[in-house]
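Raw my_file_27.cif, mmCIF, C-alpha atoms:
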```
data_structure
loop_
_atom_site.group_PDB
_atom_site.id
_atom_site.type_symbol
_atom_site.label_atom_id
_atom_site.label_comp_id
_atom_site.auth_asym_id
_atom_site.auth_seq_id
_atom_site.Cartn_x
_atom_site.Cartn_y
_atom_site.Cartn_z
ATOM 1 C CA MET A 1 0.000 0.000 0.000
ATOM 2 C CA ALA A 2 2.846 2.401 0.758
ATOM 3 C CA ALA A 3 4.088 2.078 -2.827
ATOM 4 C CA THR A 4 0.610 2.853 -4.146
ATOM 5 C CA LEU A 5 0.367 5.897 -1.893
ATOM 6 C CA ARG A 6 3.782 7.100 -3.018
ATOM 7 C CA LYS A 7 2.776 6.642 -6.677
ATOM 8 C CA SER A 8 -0.527 8.461 -6.114
ATOM 9 C CA LEU A 9 1.205 11.377 -4.398
ATOM 10 C CA LYS A 10 3.716 11.563 -7.254
ATOM 11 C CA THR A 11 0.851 11.627 -9.749
ATOM 12 C CA ILE A 12 -0.804 14.433 -7.794
ATOM 13 C CA GLU A 13 2.438 16.449 -7.835
ATOM 14 C CA ASP A 14 2.729 15.908 -11.599
ATOM 15 C CA TYR A 15 -0.842 17.142 -12.105
ATOM 16 C CA LYS A 16 -0.118 20.195 -9.961
ATOM 17 C CA LEU A 17 2.776 21.123 -12.250
ATOM 18 C CA THR A 18 0.724 20.758 -15.425
ATOM 19 C CA ASN A 19 -2.533 22.162 -13.972
ATOM 20 C CA PRO A 20 -1.623 24.789 -11.375
ATOM 21 C CA HIS A 21 -5.232 26.019 -11.210
ATOM 22 C CA TYR A 22 -6.111 22.725 -9.461
ATOM 23 C CA THR A 23 -3.383 23.005 -6.802
ATOM 24 C CA ASP A 24 -5.738 23.548 -3.851
ATOM 25 C CA LEU A 25 -7.975 20.654 -4.839
ATOM 26 C CA LEU A 26 -5.021 18.341 -5.422
ATOM 27 C CA ASP A 27 -3.489 19.308 -2.060
ATOM 28 C CA ILE A 28 -6.749 18.324 -0.367
ATOM 29 C CA MET A 29 -6.748 15.039 -2.277
ATOM 30 C CA ALA A 30 -3.178 14.324 -1.142
ATOM 31 C CA ASP A 31 -4.085 15.007 2.499
ATOM 32 C CA ILE A 32 -7.073 12.675 2.250
ATOM 33 C CA LEU A 33 -5.015 9.904 0.634
ATOM 34 C CA ILE A 34 -2.394 10.119 3.392
ATOM 35 C CA LEU A 35 -5.076 10.085 6.080
ATOM 36 C CA ARG A 36 -6.842 7.121 4.469
ATOM 37 C CA GLU A 37 -3.593 5.135 4.358
ATOM 38 C CA GLU A 38 -2.912 5.850 8.039
ATOM 39 C CA TYR A 39 -6.461 4.812 8.928
ATOM 40 C CA ARG A 40 -6.176 1.551 6.989
ATOM 41 C CA ASN A 41 -2.865 0.738 8.661
ATOM 42 C CA ASN A 42 -4.286 1.364 12.149
ATOM 43 C CA MET A 43 -7.570 -0.506 11.717
ATOM 44 C CA LYS A 44 -7.011 -4.151 12.520
ATOM 45 C CA ASP A 45 -10.549 -5.555 12.428
ATOM 46 C CA SER A 46 -13.831 -4.580 10.898
ATOM 47 C CA ILE A 47 -16.148 -2.765 13.291
ATOM 48 C CA PHE A 48 -19.251 -4.465 11.960
ATOM 49 C CA GLN A 49 -19.113 -8.146 11.199
ATOM 50 C CA VAL A 50 -21.226 -9.056 8.176
ATOM 51 C CA ASP A 51 -21.749 -12.683 7.252
ATOM 52 C CA GLU A 52 -21.270 -12.587 3.490
ATOM 53 C CA LYS A 53 -23.360 -15.686 2.828
ATOM 54 C CA PHE A 54 -26.478 -13.818 4.058
ATOM 55 C CA ILE A 55 -25.944 -10.519 2.222
ATOM 56 C CA ALA A 56 -28.018 -11.409 -0.858
ATOM 57 C CA GLN A 57 -30.883 -12.788 1.243
ATOM 58 C CA LYS A 58 -30.936 -9.768 3.539
ATOM 59 C CA MET A 59 -30.831 -7.344 0.611
ATOM 60 C CA GLU A 60 -33.620 -9.217 -1.137
ATOM 61 C CA GLY A 61 -35.748 -9.202 2.006
ATOM 62 C CA GLY A 62 -35.024 -5.543 2.745
ATOM 63 C CA LEU A 63 -33.315 -6.388 6.030
ATOM 64 C CA PRO A 64 -30.355 -4.454 7.433
ATOM 65 C CA LEU A 65 -26.951 -6.048 6.901
ATOM 66 C CA ILE A 66 -25.862 -5.170 10.431
ATOM 67 C CA ASP A 67 -27.848 -5.952 13.568
ATOM 68 C CA PHE A 68 -27.418 -2.924 15.814
ATOM 69 C CA ALA A 69 -29.929 -4.050 18.436
ATOM 70 C CA GLY A 70 -28.414 -4.803 21.824
ATOM 71 C CA LYS A 71 -24.797 -4.620 20.670
ATOM 72 C CA GLU A 72 -22.068 -2.158 21.562
ATOM 73 C CA TYR A 73 -19.659 -0.997 18.878
ATOM 74 C CA ASP A 74 -16.431 0.913 19.390
ATOM 75 C CA LEU A 75 -16.681 3.816 16.989
ATOM 76 C CA THR A 76 -13.656 5.667 18.351
ATOM 77 C CA ARG A 77 -11.419 5.178 15.296
ATOM 78 C CA PRO A 78 -14.092 6.005 12.692
ATOM 79 C CA ARG A 79 -15.005 9.124 14.685
ATOM 80 C CA GLU A 80 -11.326 10.162 14.795
ATOM 81 C CA TYR A 81 -11.075 9.558 11.045
ATOM 82 C CA PHE A 82 -14.165 11.684 10.390
ATOM 83 C CA ASN A 83 -12.835 14.465 12.621
ATOM 84 C CA SER A 84 -9.531 14.338 10.752
ATOM 85 C CA LEU A 85 -11.393 14.775 7.468
ATOM 86 C CA ILE A 86 -13.178 17.776 8.968
ATOM 87 C CA SER A 87 -9.825 19.241 10.055
ATOM 88 C CA ILE A 88 -8.555 18.920 6.459
ATOM 89 C CA ALA A 89 -11.566 20.960 5.325
ATOM 90 C CA GLU A 90 -11.029 23.512 8.099
ATOM 91 C CA LYS A 91 -7.344 23.884 7.246
ATOM 92 C CA ARG A 92 -8.119 24.716 3.623
ATOM 93 C CA MET A 93 -11.405 26.557 4.119
ATOM 94 C CA PRO A 94 -11.971 27.635 7.742
ATOM 95 C CA GLU A 95 -15.414 29.127 7.041
ATOM 96 C CA VAL A 96 -16.688 25.863 5.526
ATOM 97 C CA GLY A 97 -15.163 23.719 8.277
ATOM 98 C CA SER A 98 -17.055 25.552 11.006
ATOM 99 C CA ASN A 99 -20.317 25.090 9.108
ATOM 100 C CA ILE A 100 -19.696 21.356 8.845
ATOM 101 C CA ILE A 101 -19.073 21.093 12.572
ATOM 102 C CA ASP A 102 -22.301 23.002 13.280
ATOM 103 C CA ILE A 103 -24.243 20.609 11.035
ATOM 104 C CA VAL A 104 -22.702 17.506 12.640
ATOM 105 C CA LYS A 105 -23.418 18.715 16.180
ATOM 106 C CA LYS A 106 -27.120 19.355 15.485
ATOM 107 C CA PRO A 107 -29.399 16.709 17.050
#
```
Kindly return the structure encoded in the file as structure tokens.
Amino acid sequence: MAATLRKSLKTIEDYKLTNPHYTDLLDIMADILILREEYRNNMKDSIFQVDEKFIAQKMEGGLPLIDFAGKEYDLTRPREYFNSLISIAEKRMPEVGSNIIDIVKKP
């Protein structure tokens, strides 16, 4: 994965040289790619276990793939990942980042 990330970042840098009007967008994309790679490396197990042999039947019957009733899930890492994505938006566009946080905090 590290080689793929390195190649992707190199491609982004090449695009920035040939298309300087997209620099801000490509910088955001690079930040997101780096964050995604870190997240993938730190996540050991899936949060929600889905039995693949029942997916088609559940979809056909209109049932949820994940049974949330009576179970506790540790959403710490996904929440941290989401907050990191928000911080990328805030870093590039502070006025938009604060609006996103306001929307997320609404009940």
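Distance-wise, CA of Glu90 in chain A and CA of Lys44 in chain A end up 28.3 Å apart.
Applied to this file, the PyMOL selection byres ((chain A and resi 77) around 12) selects the residues Arg36, Glu38, Tyr39, Arg40, Asn41, Asn42, Met43, Lys44, Asp45, Ser46, Ile47, Tyr73, Asp74, Leu75, Thr76, Pro78, Arg79, Glu80, Tyr81, Phe82, Asn83 and Ser84 of chain A.
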Task: Atomic separation - CA of Met93 in chain A relative to CA of Leu33 in chain A, Å - done: 18.2 Å
Open item on the list: Env of Ile88 in chain A: 8 Å cut, atoms = only C-alpha atoms, seq-sep filter 6 positions within chain, self excluded. Answer as a PyMOL selection string.
Closed with: chain A and resi 28+31-32
With C-alpha atoms retained, write the just-selected residues as a compact mmCIF listing (two decimals), keeping the file's coordinate frame.
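So out.txt came out as:
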```txt
# COMPACT_ATOMS: atom_id res chain seq x y z
CA ILE A 28 -6.75 18.32 -0.37
CA ASP A 31 -4.08 15.01 2.50
CA ILE A 32 -7.07 12.68 2.25
```
TODO: Tell me, in Å to one decimal, how far CA of Asp51 in chain A is from CA of Glu37 in chain A.
DONE: 25.6 Å
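Shortest separation to Tyr15 in chain A among A:Leu63, A:Ala3, A:Met29, A:Ala56 occurs at residue A:Met29, atoms counted being all atoms listed in the file.
Taking all atoms listed in the file into account, Lys71 in chain A lies nearest to A:Phe48 out of the set A:Phe48, A:Ala2, A:Ile34, A:Ser87.
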Selection result of the PyMOL selection byres ((chain A and resi 27) around 12) on this file, as a short mmCIF file (atom, residue, chain, number, x, y, z; two decimals) with C-alpha atoms, in the frame of the given file:
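Full text of result_23.cif as output:
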```cif
data_model
loop_
_atom_site.label_atom_id
_atom_site.label_comp_id
_atom_site.auth_asym_id
_atom_site.auth_seq_id
_atom_site.Cartn_x
_atom_site.Cartn_y
_atom_site.Cartn_z
CA SER A 8 -0.53 8.46 -6.11
CA LEU A 9 1.20 11.38 -4.40
CA LYS A 10 3.72 11.56 -7.25
CA THR A 11 0.85 11.63 -9.75
CA ILE A 12 -0.80 14.43 -7.79
CA GLU A 13 2.44 16.45 -7.84
CA ASP A 14 2.73 15.91 -11.60
CA TYR A 15 -0.84 17.14 -12.10
CA LYS A 16 -0.12 20.20 -9.96
CA PRO A 20 -1.62 24.79 -11.38
CA HIS A 21 -5.23 26.02 -11.21
CA TYR A 22 -6.11 22.72 -9.46
CA THR A 23 -3.38 23.00 -6.80
CA ASP A 24 -5.74 23.55 -3.85
CA LEU A 25 -7.98 20.65 -4.84
CA LEU A 26 -5.02 18.34 -5.42
CA ILE A 28 -6.75 18.32 -0.37
CA MET A 29 -6.75 15.04 -2.28
CA ALA A 30 -3.18 14.32 -1.14
CA ASP A 31 -4.08 15.01 2.50
CA ILE A 32 -7.07 12.68 2.25
CA LEU A 33 -5.01 9.90 0.63
CA ILE A 34 -2.39 10.12 3.39
CA ILE A 88 -8.56 18.92 6.46
CA ALA A 89 -11.57 20.96 5.32
CA LYS A 91 -7.34 23.88 7.25
CA ARG A 92 -8.12 24.72 3.62
#
```
Please write out, as JSON, where the centre of an axis-aligned box around all listed atoms of range 58-72 of chain A lies and how long its edges are, in Å to one decimal, after adding 5 Å on each side.
```
{"center_x": -28.9, "center_y": -6.0, "center_z": 10.3, "size_x": 23.7, "size_y": 17.6, "size_z": 33.0}
```
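Distance annotation: of A:Ile86, A:Ile66, A:Leu5, A:Leu17, the residue with the minimal separation from Gln49 in chain A is A:Ile66; atom set is only C-alpha atoms.
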